[in-house]
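Take a look at the structure below.
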Amino acid sequence: SDQLRILGTLTLANNATVRIGGPTNGTTYLYQGSNAAWGIAGTGTILFGGSAVSAGRNLGSGGAPLTLGPNVTVHAVENGNIAMGNGVNRGAILIDTPATTLTITGNNWINDTSGRLEASAGTLALNSLLRNDGSTVVSGGVMNFNTNDATYVWTNPGTLRLDAGTLNLGGRITTATFNTVTRPQDADRGTFNVEAVIDNANSTLLFDAAKGAVNLTTGQGTIENGSVTIAGGSLRSVNGFLRDVTLNSDFLLDGSDQLRILGTLTLANNATV
């Protein structure tokens, strides 16, 4: 149950590594200890590791704003937690180990322009991420993006890319934000699950070949207002909602699919459900 408090800024030099977790069971903290702002700078790595089978590995705690510098890498090879507060990530946060979960909590934190978030294996959970200005990539693992709160409004001026693996997209977003998600048109495009509420007011939401197959899931994935066109891609409702939507294209419900209509579903262009 080791704890190390950082007052102000910890600067890593010479590619130094601070490992959170070792062979002994317990709860380990590298943190500030109050609600004051703190940071990790320099060039080096924070590693969530260790062989303990019952361990809590924590970077930060509570609401203390954490700033990670541009040459700082946070690497998870074992389960871990990062508490960002309303801080900023300018470095790299990576998870690449199967059956491992890294959970980031906070209060309107930001992934800055130099920030990189990537899940190539395991699960990366991003909670209360207000704005992604940098690079966020799913390249083989699972990413839960703001799935903790279907009312949480966030934006994506940066890159959000699904290369492979699974992207579970949550929160409340506009059609413009939804359209910033990119997927390479290759053999493995991954799985794209929408748990978010998409505000499609005065817009047409197009599911084309570039967007690929998209699933409305978990009983909260919702498209509200505007119109929906399916052309070259696909939209499946595993357990989703349409609220006051005009449907311009045919829609297939298969197997155990469920689609709930809130308000009025308007069929256009002789669409068939």
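Each chain in the structure tokens gets a letter, A, B and so on, in the order shown; residues start at 1 in every chain, and ligands are counted from 1 in the order they appear.
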
Within 9 Å of region 181-205 of chain A, which residues of region 67-151 of chain A come that close, and what is the closest atom pair and distance in Å for each? Count only C-alpha atoms and give it as a Markdown table.
```
| residue | atom | partner | partner_atom | distance |
| --- | --- | --- | --- | --- |
| A:Val138 | CA | A:Gly190 | CA | 8.5 |
| A:Ser139 | CA | A:Gly190 | CA | 8.4 |
| A:Gly140 | CA | A:Gly190 | CA | 7.7 |
| A:Asn146 | CA | A:Ala196 | CA | 8.5 |
| A:Thr147 | CA | A:Glu195 | CA | 6.7 |
| A:Asp149 | CA | A:Ala196 | CA | 8.7 |
| A:Ala150 | CA | A:Ala196 | CA | 5.8 |
| A:Thr151 | CA | A:Val197 | CA | 7.6 |
```

Determine which residues of region 21-216 of chain A receive a DSSP assignment of helix (DSSP H, G or I), computed from the backbone, and state them as a list of chain:residue names.
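After running DSSP on the backbone, region 21-216 of chain A has helix (DSSP H, G or I) at A:Thr175, A:Ala176, A:Thr177, A:Phe178.
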
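Taking only C-alpha atoms, the non-local environment of Leu94 (chain A) within 9 Å (same-chain residues fewer than 4 positions away omitted) comprises Thr73, Val74, His75, Ala76, Leu102, Arg116, Leu117, Glu118, Ala119, Ser120 and Leu124 of chain A.
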
Residues of the last selection are to be written out with all heavy atoms, as a PDB file, in the first residue's frame.
```
ATOM      1  N   THR A  73       4.950   9.377 -20.977  1.00  0.00           N
ATOM      2  CA  THR A  73       4.142   8.243 -21.415  1.00  0.00           C
ATOM      3  C   THR A  73       3.583   7.528 -20.192  1.00  0.00           C
ATOM      4  O   THR A  73       4.324   7.204 -19.265  1.00  0.00           O
ATOM      5  CB  THR A  73       4.975   7.244 -22.238  1.00  0.00           C
ATOM      6  OG1 THR A  73       5.442   7.890 -23.414  1.00  0.00           O
ATOM      7  CG2 THR A  73       4.149   6.033 -22.633  1.00  0.00           C
ATOM      8  N   VAL A  74       2.280   7.305 -20.204  1.00  0.00           N
ATOM      9  CA  VAL A  74       1.645   6.462 -19.196  1.00  0.00           C
ATOM     10  C   VAL A  74       1.286   5.155 -19.883  1.00  0.00           C
ATOM     11  O   VAL A  74       0.539   5.140 -20.866  1.00  0.00           O
ATOM     12  CB  VAL A  74       0.397   7.126 -18.594  1.00  0.00           C
ATOM     13  CG1 VAL A  74      -0.244   6.213 -17.562  1.00  0.00           C
ATOM     14  CG2 VAL A  74       0.750   8.480 -17.976  1.00  0.00           C
ATOM     15  N   HIS A  75       1.836   4.050 -19.382  1.00  0.00           N
ATOM     16  CA  HIS A  75       1.737   2.759 -20.051  1.00  0.00           C
ATOM     17  C   HIS A  75       1.151   1.749 -19.070  1.00  0.00           C
ATOM     18  O   HIS A  75       1.671   1.574 -17.975  1.00  0.00           O
ATOM     19  CB  HIS A  75       3.131   2.328 -20.513  1.00  0.00           C
ATOM     20  CG  HIS A  75       3.159   1.041 -21.264  1.00  0.00           C
ATOM     21  ND1 HIS A  75       4.308   0.303 -21.438  1.00  0.00           N
ATOM     22  CD2 HIS A  75       2.175   0.349 -21.900  1.00  0.00           C
ATOM     23  CE1 HIS A  75       4.027  -0.771 -22.142  1.00  0.00           C
ATOM     24  NE2 HIS A  75       2.747  -0.770 -22.434  1.00  0.00           N
ATOM     25  N   ALA A  76       0.070   1.099 -19.467  1.00  0.00           N
ATOM     26  CA  ALA A  76      -0.578   0.118 -18.600  1.00  0.00           C
ATOM     27  C   ALA A  76      -0.352  -1.283 -19.121  1.00  0.00           C
ATOM     28  O   ALA A  76      -0.790  -1.619 -20.230  1.00  0.00           O
ATOM     29  CB  ALA A  76      -2.077   0.400 -18.483  1.00  0.00           C
ATOM     30  N   LEU A 102      -7.548   0.060 -18.109  1.00  0.00           N
ATOM     31  CA  LEU A 102      -7.080   1.346 -17.608  1.00  0.00           C
ATOM     32  C   LEU A 102      -8.260   2.307 -17.654  1.00  0.00           C
ATOM     33  O   LEU A 102      -8.810   2.568 -18.726  1.00  0.00           O
ATOM     34  CB  LEU A 102      -5.922   1.871 -18.451  1.00  0.00           C
ATOM     35  CG  LEU A 102      -5.354   3.242 -18.040  1.00  0.00           C
ATOM     36  CD1 LEU A 102      -4.804   3.206 -16.621  1.00  0.00           C
ATOM     37  CD2 LEU A 102      -4.279   3.702 -19.023  1.00  0.00           C
ATOM     38  N   ARG A 116      -1.993  11.854 -26.852  1.00  0.00           N
ATOM     39  CA  ARG A 116      -2.284  10.618 -27.582  1.00  0.00           C
ATOM     40  C   ARG A 116      -2.899   9.617 -26.628  1.00  0.00           C
ATOM     41  O   ARG A 116      -2.347   9.319 -25.567  1.00  0.00           O
ATOM     42  CB  ARG A 116      -0.998  10.057 -28.177  1.00  0.00           C
ATOM     43  CG  ARG A 116      -1.149   8.722 -28.898  1.00  0.00           C
ATOM     44  CD  ARG A 116       0.197   8.239 -29.391  1.00  0.00           C
ATOM     45  NE  ARG A 116       0.201   6.831 -29.766  1.00  0.00           N
ATOM     46  CZ  ARG A 116       1.253   6.036 -29.674  1.00  0.00           C
ATOM     47  NH1 ARG A 116       2.397   6.499 -29.200  1.00  0.00           N
ATOM     48  NH2 ARG A 116       1.171   4.771 -30.035  1.00  0.00           N
ATOM     49  N   LEU A 117      -4.044   9.087 -26.999  1.00  0.00           N
ATOM     50  CA  LEU A 117      -4.733   8.047 -26.241  1.00  0.00           C
ATOM     51  C   LEU A 117      -4.909   6.856 -27.177  1.00  0.00           C
ATOM     52  O   LEU A 117      -5.487   7.007 -28.264  1.00  0.00           O
ATOM     53  CB  LEU A 117      -6.111   8.537 -25.763  1.00  0.00           C
ATOM     54  CG  LEU A 117      -6.148   9.865 -25.002  1.00  0.00           C
ATOM     55  CD1 LEU A 117      -7.589  10.327 -24.808  1.00  0.00           C
ATOM     56  CD2 LEU A 117      -5.454   9.735 -23.658  1.00  0.00           C
ATOM     57  N   GLU A 118      -4.423   5.669 -26.777  1.00  0.00           N
ATOM     58  CA  GLU A 118      -4.518   4.539 -27.693  1.00  0.00           C
ATOM     59  C   GLU A 118      -4.746   3.237 -26.948  1.00  0.00           C
ATOM     60  O   GLU A 118      -4.080   2.948 -25.951  1.00  0.00           O
ATOM     61  CB  GLU A 118      -3.269   4.405 -28.565  1.00  0.00           C
ATOM     62  CG  GLU A 118      -3.381   3.266 -29.577  1.00  0.00           C
ATOM     63  CD  GLU A 118      -2.323   3.302 -30.661  1.00  0.00           C
ATOM     64  OE1 GLU A 118      -1.526   4.262 -30.689  1.00  0.00           O
ATOM     65  OE2 GLU A 118      -2.298   2.364 -31.477  1.00  0.00           O
ATOM     66  N   ALA A 119      -5.699   2.453 -27.461  1.00  0.00           N
ATOM     67  CA  ALA A 119      -5.952   1.096 -26.983  1.00  0.00           C
ATOM     68  C   ALA A 119      -5.639   0.141 -28.113  1.00  0.00           C
ATOM     69  O   ALA A 119      -6.357   0.090 -29.112  1.00  0.00           O
ATOM     70  CB  ALA A 119      -7.404   0.944 -26.537  1.00  0.00           C
ATOM     71  N   SER A 120      -4.547  -0.624 -27.970  1.00  0.00           N
ATOM     72  CA  SER A 120      -4.208  -1.644 -28.969  1.00  0.00           C
ATOM     73  C   SER A 120      -4.520  -3.047 -28.465  1.00  0.00           C
ATOM     74  O   SER A 120      -4.543  -4.002 -29.240  1.00  0.00           O
ATOM     75  CB  SER A 120      -2.732  -1.535 -29.367  1.00  0.00           C
ATOM     76  OG  SER A 120      -1.893  -1.644 -28.246  1.00  0.00           O
ATOM     77  N   LEU A 124      -9.508   0.578 -22.558  1.00  0.00           N
ATOM     78  CA  LEU A 124      -9.239   1.939 -22.111  1.00  0.00           C
ATOM     79  C   LEU A 124     -10.575   2.641 -21.942  1.00  0.00           C
ATOM     80  O   LEU A 124     -11.314   2.825 -22.920  1.00  0.00           O
ATOM     81  CB  LEU A 124      -8.360   2.679 -23.111  1.00  0.00           C
ATOM     82  CG  LEU A 124      -8.004   4.132 -22.793  1.00  0.00           C
ATOM     83  CD1 LEU A 124      -7.279   4.234 -21.459  1.00  0.00           C
ATOM     84  CD2 LEU A 124      -7.167   4.742 -23.911  1.00  0.00           C
TER      85      LEU A 124
END
```

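Shell of Leu265 (chain A) at 9 Å, with only C-alpha atoms counted and residues fewer than 2 places along the chain excluded, is Leu242, Arg243, Asp244, Val245, Thr246, Leu247, Ile261, Leu262, Gly263 and Leu267 of chain A.
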
Selection from above, all heavy atoms, as a tab-separated table (two decimals), in the first residue's frame, can you write it?
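Saved to selection.tsv:
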```
chain	number	residue	atom	x	y	z
A	242	LEU	N	-34.86	5.83	-31.91
A	242	LEU	CA	-35.00	6.96	-32.82
A	242	LEU	C	-36.06	7.87	-32.23
A	242	LEU	O	-37.15	7.42	-31.88
A	242	LEU	CB	-35.41	6.51	-34.22
A	242	LEU	CG	-34.45	5.61	-35.00
A	242	LEU	CD1	-35.04	5.25	-36.35
A	242	LEU	CD2	-33.09	6.28	-35.18
A	243	ARG	N	-35.72	9.16	-32.12
A	243	ARG	CA	-36.67	10.13	-31.57
A	243	ARG	C	-36.96	11.20	-32.62
A	243	ARG	O	-36.07	11.96	-33.02
A	243	ARG	CB	-36.11	10.79	-30.31
A	243	ARG	CG	-37.07	11.80	-29.67
A	243	ARG	CD	-36.41	12.62	-28.58
A	243	ARG	NE	-36.01	11.81	-27.46
A	243	ARG	CZ	-36.79	11.52	-26.42
A	243	ARG	NH1	-38.04	11.98	-26.38
A	243	ARG	NH2	-36.35	10.78	-25.44
A	244	ASP	N	-38.21	11.23	-33.10
A	244	ASP	CA	-38.65	12.26	-34.05
A	244	ASP	C	-37.69	12.35	-35.24
A	244	ASP	O	-37.16	13.41	-35.59
A	244	ASP	CB	-38.77	13.62	-33.36
A	244	ASP	CG	-39.89	13.64	-32.32
A	244	ASP	OD1	-40.91	12.98	-32.54
A	244	ASP	OD2	-39.71	14.29	-31.27
A	245	VAL	N	-37.48	11.20	-35.89
A	245	VAL	CA	-36.54	11.09	-37.00
A	245	VAL	C	-37.29	10.80	-38.29
A	245	VAL	O	-38.29	10.07	-38.30
A	245	VAL	CB	-35.51	9.97	-36.71
A	245	VAL	CG1	-34.77	9.55	-37.97
A	245	VAL	CG2	-34.52	10.43	-35.65
A	246	THR	N	-36.79	11.35	-39.39
A	246	THR	CA	-37.27	10.99	-40.72
A	246	THR	C	-36.29	9.97	-41.31
A	246	THR	O	-35.09	10.22	-41.39
A	246	THR	CB	-37.35	12.21	-41.64
A	246	THR	OG1	-38.32	13.13	-41.12
A	246	THR	CG2	-37.74	11.81	-43.06
A	247	LEU	N	-36.82	8.82	-41.72
A	247	LEU	CA	-36.00	7.74	-42.26
A	247	LEU	C	-36.10	7.77	-43.78
A	247	LEU	O	-37.17	7.56	-44.35
A	247	LEU	CB	-36.48	6.40	-41.71
A	247	LEU	CG	-35.67	5.16	-42.08
A	247	LEU	CD1	-34.24	5.27	-41.54
A	247	LEU	CD2	-36.34	3.90	-41.53
A	261	ILE	N	-39.18	3.67	-30.79
A	261	ILE	CA	-39.50	4.95	-31.41
A	261	ILE	C	-40.06	5.88	-30.34
A	261	ILE	O	-41.05	5.57	-29.68
A	261	ILE	CB	-40.53	4.77	-32.55
A	261	ILE	CG1	-40.02	3.76	-33.59
A	261	ILE	CG2	-40.84	6.12	-33.18
A	261	ILE	CD1	-38.71	4.13	-34.22
A	262	LEU	N	-39.38	7.02	-30.19
A	262	LEU	CA	-39.84	8.05	-29.25
A	262	LEU	C	-40.38	9.21	-30.08
A	262	LEU	O	-39.67	9.75	-30.93
A	262	LEU	CB	-38.67	8.51	-28.36
A	262	LEU	CG	-37.93	7.40	-27.62
A	262	LEU	CD1	-36.75	7.97	-26.84
A	262	LEU	CD2	-38.87	6.66	-26.67
A	263	GLY	N	-41.62	9.56	-29.86
A	263	GLY	CA	-42.23	10.59	-30.71
A	263	GLY	C	-42.72	9.98	-32.00
A	263	GLY	O	-43.41	8.96	-32.00
A	267	LEU	N	-41.51	8.09	-42.42
A	267	LEU	CA	-40.89	7.35	-43.53
A	267	LEU	C	-40.93	8.21	-44.79
A	267	LEU	O	-41.98	8.74	-45.17
A	267	LEU	CB	-41.65	6.04	-43.76
A	267	LEU	CG	-41.70	5.07	-42.56
A	267	LEU	CD1	-42.52	3.84	-42.93
A	267	LEU	CD2	-40.31	4.68	-42.11
```

Residues within 8 Å of region 251-257 of chain A, only C-alpha atoms, excluding chain neighbours under 5 positions, as a PyMOL selection string
chain A and resi 235-239+271-273

All strand (DSSP E or B) residues (DSSP, backbone) inside region 38-268 of chain A, as a VMD selection string:
chain A and resid 38 to 48 55 to 59 66 to 68 72 to 76 80 to 83 88 to 89 92 to 105 109 to 111 116 to 126 129 to 132 135 to 145 153 155 159 to 169 172 to 174 181 to 182 191 to 194 197 to 199 204 to 207 213 to 216 222 to 224 227 to 230 234 to 237 240 to 247 259 to 267

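Relative to CA of Pro98 (chain A), CA of Gly80 (chain A) is found at 13.4 Å.
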
Using only C-alpha atoms for the distances, tell me which of A:Glu78, A:Leu68, A:Ser227, A:Thr159 is nearest to Leu47 (chain A).
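For Leu47 (chain A), the nearest of the candidates is A:Glu78.
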
To one decimal place in Å, what is the distance between CA of Asn107 (chain A) and CA of Tyr31 (chain A)?
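Interatomic distance here is 16.3 Å.
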
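Candidate residues A:Val77, A:Val88, A:Leu160, A:Val53 were compared for distance to Thr24 (chain A), and the nearest is A:Val53, using only C-alpha atoms.
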
Let me make sure I understand: among A:Ile46, A:Leu4, A:Ala41, A:Ala55, which one has the smallest atom-to-atom distance to Gly22 (chain A) if we use only C-alpha atoms?
A:Ala55

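Between CA of Gly212 (chain A) and CA of Gly240 (chain A) the interatomic distance comes to 17.6 Å.
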
Could you check which of A:Pro70, A:Leu162, A:Gly21, A:Asn81 is closest to Ser51 (chain A), using only C-alpha atoms?
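Smallest separation from Ser51 (chain A) among the options: A:Gly21.
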
Residues at most 10 Å from Gly233 (chain A), counting only C-alpha atoms, excluding those fewer than 4 positions away in the same chain, as a PyMOL selection string?
chain A and resi 206-214+229
